[in-house]
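> Dropping a structure here in structure tokens format, bear with me for questions.
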Amino acid sequence: MAEIKLIATDLDGTFLQGGDSPHPENIQAVKECQKAGIKVCACTGRSFNRAKDIIAQAGFDQFCVVNNGASIVDWRTGQHRYRNRFEPESIGKIVDVMMSYHASFGLTGFETLYMLEGYVGAWYQALDEDMRRQLNGHIYRTKEELVEACAEDVERMNLNLPFLETYADLSEKLAGVAEVEITASGPHSLEITHMDGDKSQTLMVLADIYNVKPENVMAFGDSFNDMYMLAWAGTGVAMGNADERLKAVADTVTDTNKNAGVAQAIYNIALHRGSEK
């Protein structure tokens, strides 16, 4: 197996043991990697404002991938190194398609969540004020107000519908509207990104920034939206709690997020030490 020089890890269900809490053994494994000269970066579906505190706590290296691959950001400064946004003229058309399903949806910018009255998810309505402030959520009365507000900022869109039952129909409807990538972060969480803005495409750019070849990259994930990233990396690692479709394409399967599966695979594969649990 090729030497590992760059590790890209998803956060939820992967590096995190639950909620916003990184597993302490994973944090220690990051430190050990950095001592060995291995870069470790977050590659998450979260927006930057939802990820930056976790990234700081984990002590990851300079650049992180956020919004499911839409942006590469220097987490210490908040400055973009790479960014894929939706073309402003396509946003209203995509919103029309999402509205036709009569399900909740949201448009995520770099640090802002944009929503439309009547289509706000129950999950958001249940949040306390602190979490709403963290998400920086804004609700607009009309589609026109929504589109005008987010025209220059949309990096990712979420639609609360079952992936398997909806994918084909949604793909057909969006085909004549915009070039997009449709994936899922959960059974009922469809994600729409720019065609060039998924995790695998952006991981290629991140590897190029660090001058690392694909065979020297290790990637961790647990959901369907991590599939292409794991397939591209020289060593793709699925979590023990991962979607079974992801396990099928991964090079190896580690323990669950609650059992510090990321740390175990790092010690076994990247650092050649065996598990240090």
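Residues are referred to by chain and number: the chain letter is A, B, ... according to the order shown in the structure tokens, the number counts from 1 in that chain, and ligands are numbered separately from 1 in the order shown.
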DSSP on the backbone, then: every residue of region 2-214 of chain A marked alpha helix (DSSP H), written as a ChimeraX atom specification.
/A:24-35,48-58,88-99,122-125,129-135,143-150,163-175,199-209
> Check which residues of region 38-75 of chain A sit at most 12 Å from region 98-109 of chain A using only C-alpha atoms, and return one row each with the closest pair of atoms and their distance in Å to one decimal, ordered by chain and rising number, as a Markdown table.

| residue | atom | partner | partner_atom | distance |
| --- | --- | --- | --- | --- |
| A:Gly45 | CA | A:Thr108 | CA | 10.3 |
| A:Arg46 | CA | A:Thr108 | CA | 9.2 |
| A:Ser47 | CA | A:Thr108 | CA | 7.2 |
| A:Phe48 | CA | A:Gly109 | CA | 9.0 |
| A:Asn49 | CA | A:Gly109 | CA | 10.1 |
| A:Arg50 | CA | A:Thr108 | CA | 11.2 |
| A:Val66 | CA | A:Gly109 | CA | 10.4 |
| A:Asn67 | CA | A:Thr108 | CA | 7.7 |
| A:Asn68 | CA | A:Thr108 | CA | 10.6 |
| A:Ala70 | CA | A:Gly109 | CA | 9.5 |
| A:Ser71 | CA | A:Gly109 | CA | 10.1 |
> Keeping N, CA, C and O atoms, export the residues of the selection given above as a PDB file, in the first residue's frame.

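That gives us result.pdb:
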ATOM      1  N   GLY A  45     -19.957  18.003   4.813  1.00  0.00           N
ATOM      2  CA  GLY A  45     -21.137  18.609   4.216  1.00  0.00           C
ATOM      3  C   GLY A  45     -21.585  19.850   4.958  1.00  0.00           C
ATOM      4  O   GLY A  45     -22.441  20.593   4.481  1.00  0.00           O
ATOM      5  N   ARG A  46     -21.019  20.098   6.129  1.00  0.00           N
ATOM      6  CA  ARG A  46     -21.409  21.258   6.922  1.00  0.00           C
ATOM      7  C   ARG A  46     -20.931  22.552   6.263  1.00  0.00           C
ATOM      8  O   ARG A  46     -19.927  22.579   5.562  1.00  0.00           O
ATOM      9  N   SER A  47     -21.657  23.631   6.545  1.00  0.00           N
ATOM     10  CA  SER A  47     -21.187  24.949   6.129  1.00  0.00           C
ATOM     11  C   SER A  47     -20.019  25.348   7.025  1.00  0.00           C
ATOM     12  O   SER A  47     -19.775  24.745   8.085  1.00  0.00           O
ATOM     13  N   PHE A  48     -19.293  26.388   6.621  1.00  0.00           N
ATOM     14  CA  PHE A  48     -18.095  26.768   7.358  1.00  0.00           C
ATOM     15  C   PHE A  48     -18.406  27.158   8.798  1.00  0.00           C
ATOM     16  O   PHE A  48     -17.694  26.754   9.725  1.00  0.00           O
ATOM     17  N   ASN A  49     -19.487  27.914   9.010  1.00  0.00           N
ATOM     18  CA  ASN A  49     -19.787  28.341  10.370  1.00  0.00           C
ATOM     19  C   ASN A  49     -20.210  27.187  11.266  1.00  0.00           C
ATOM     20  O   ASN A  49     -20.101  27.278  12.488  1.00  0.00           O
ATOM     21  N   ARG A  50     -20.692  26.079  10.672  1.00  0.00           N
ATOM     22  CA  ARG A  50     -21.054  24.894  11.462  1.00  0.00           C
ATOM     23  C   ARG A  50     -19.882  23.955  11.668  1.00  0.00           C
ATOM     24  O   ARG A  50     -19.946  23.040  12.476  1.00  0.00           O
ATOM     25  N   VAL A  66     -15.703  22.273   2.782  1.00  0.00           N
ATOM     26  CA  VAL A  66     -17.010  22.430   3.422  1.00  0.00           C
ATOM     27  C   VAL A  66     -18.118  22.418   2.375  1.00  0.00           C
ATOM     28  O   VAL A  66     -17.870  22.417   1.175  1.00  0.00           O
ATOM     29  N   ASN A  67     -19.353  22.403   2.874  1.00  0.00           N
ATOM     30  CA  ASN A  67     -20.546  22.402   2.017  1.00  0.00           C
ATOM     31  C   ASN A  67     -20.498  21.295   0.961  1.00  0.00           C
ATOM     32  O   ASN A  67     -20.801  21.508  -0.211  1.00  0.00           O
ATOM     33  N   ASN A  68     -20.097  20.121   1.422  1.00  0.00           N
ATOM     34  CA  ASN A  68     -20.119  18.916   0.585  1.00  0.00           C
ATOM     35  C   ASN A  68     -19.214  19.021  -0.641  1.00  0.00           C
ATOM     36  O   ASN A  68     -19.436  18.366  -1.651  1.00  0.00           O
ATOM     37  N   ALA A  70     -18.146  22.201  -1.978  1.00  0.00           N
ATOM     38  CA  ALA A  70     -18.279  23.456  -2.711  1.00  0.00           C
ATOM     39  C   ALA A  70     -17.103  24.395  -2.478  1.00  0.00           C
ATOM     40  O   ALA A  70     -16.755  25.171  -3.364  1.00  0.00           O
ATOM     41  N   SER A  71     -16.483  24.327  -1.302  1.00  0.00           N
ATOM     42  CA  SER A  71     -15.427  25.285  -0.965  1.00  0.00           C
ATOM     43  C   SER A  71     -14.247  24.624  -0.288  1.00  0.00           C
ATOM     44  O   SER A  71     -14.404  23.678   0.492  1.00  0.00           O
TER      45      SER A  71
END
> As a VMD selection string, please: every residue in region 98-236 of chain A that DSSP puts in strand (DSSP E or B).
chain A and resid 105 to 108 113 to 116 137 to 140 156 to 159 180 to 186 189 to 194 217 to 221 235 to 236
> Can you tell me, as a ChimeraX atom specification, what residues are no more than 12 Å from Arg141 (chain A) when counting only C-alpha atoms, ignoring any on the same chain fewer than 5 positions away?
/A:114-120,146-149
> To one decimal in Å, tell me the separation between CA of Ala265 (chain A) and CA of Val212 (chain A).
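Spanning CA of Ala265 (chain A) to CA of Val212 (chain A) is a straight-line distance of 19.7 Å.
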> Which one is closest to Lys93 (chain A): A:Asp128, A:Glu32, A:Asp10, A:Glu144? Count only C-alpha atoms.
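Between A:Asp128, A:Glu32, A:Asp10, A:Glu144, the residue approaching Lys93 (chain A) most closely is A:Glu144.
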> Between A:Asn216, A:Ser200, A:Thr142, A:Asn158, which is the closest to Met229 (chain A) once you count only C-alpha atoms?
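Checking each candidate against Met229 (chain A), we get A:Ser200 as the closest.
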> To one decimal place in Å, what is the distance between CA of Arg245 (chain A) and CA of Asp226 (chain A)?
10.4 Å
> So, with only C-alpha atoms as the atoms that count, which of A:Thr9, A:Gln17, A:Gln28, A:Gln134 lies closest to Ala42 (chain A)?
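That would be A:Thr9, the residue with the smallest distance to Ala42 (chain A).
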> Excluding Leu16 (chain A) and any residue of its chain fewer than 2 positions from it, enumerate the residues within 10 Å of it, using only C-alpha atoms, and give them as a ChimeraX atom specification.
/A:10-14,18-24,26-27,54,58,257-258,260,262
> Which residues come within 9 Å of Leu271 (chain A), counting only C-alpha atoms, excluding same-chain residues fewer than 4 positions away, as number ranges by chain?
A: 4, 32-33, 36, 265-267
> Give me the residues within 10 Å of Glu3 (chain A) as a list in words, counting only C-alpha atoms and dropping any in the same chain fewer than 2 places off.
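Here the answer would be Met1, Lys5, Leu6, Ile38, Glu215, Asn216, Val217, Met218, Gly234, Ile269, Ala270 and Leu271 of chain A.
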> Go through A:Glu129, A:Asp61, A:Glu145, A:Asp222 and flag the residue nearest Ile7 (chain A), using only C-alpha atoms for the distances.
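Of A:Glu129, A:Asp61, A:Glu145, A:Asp222, the one nearest Ile7 (chain A) is A:Asp61, counting only C-alpha atoms.
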> Of the candidates A:Gln201, A:Leu174, A:His188, A:Glu179, which one gets nearest to Gly121 (chain A) if we count only C-alpha atoms?
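The shortest atom-to-atom distance to Gly121 (chain A) comes from A:His188.
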> So, counting only C-alpha atoms, which residue among A:Val97, A:Ile139, A:Ala168, A:Val237 is closest to Gln125 (chain A)?
A:Ile139
> Considering only C-alpha atoms, return as a ChimeraX atom specification whatever protein or nucleic-acid residues lie within 9 Å of region 246-253 of chain A, sequence-local ones (same chain, fewer than 6 positions apart) excluded.
/A:221-228,230-231,234-240,261,265
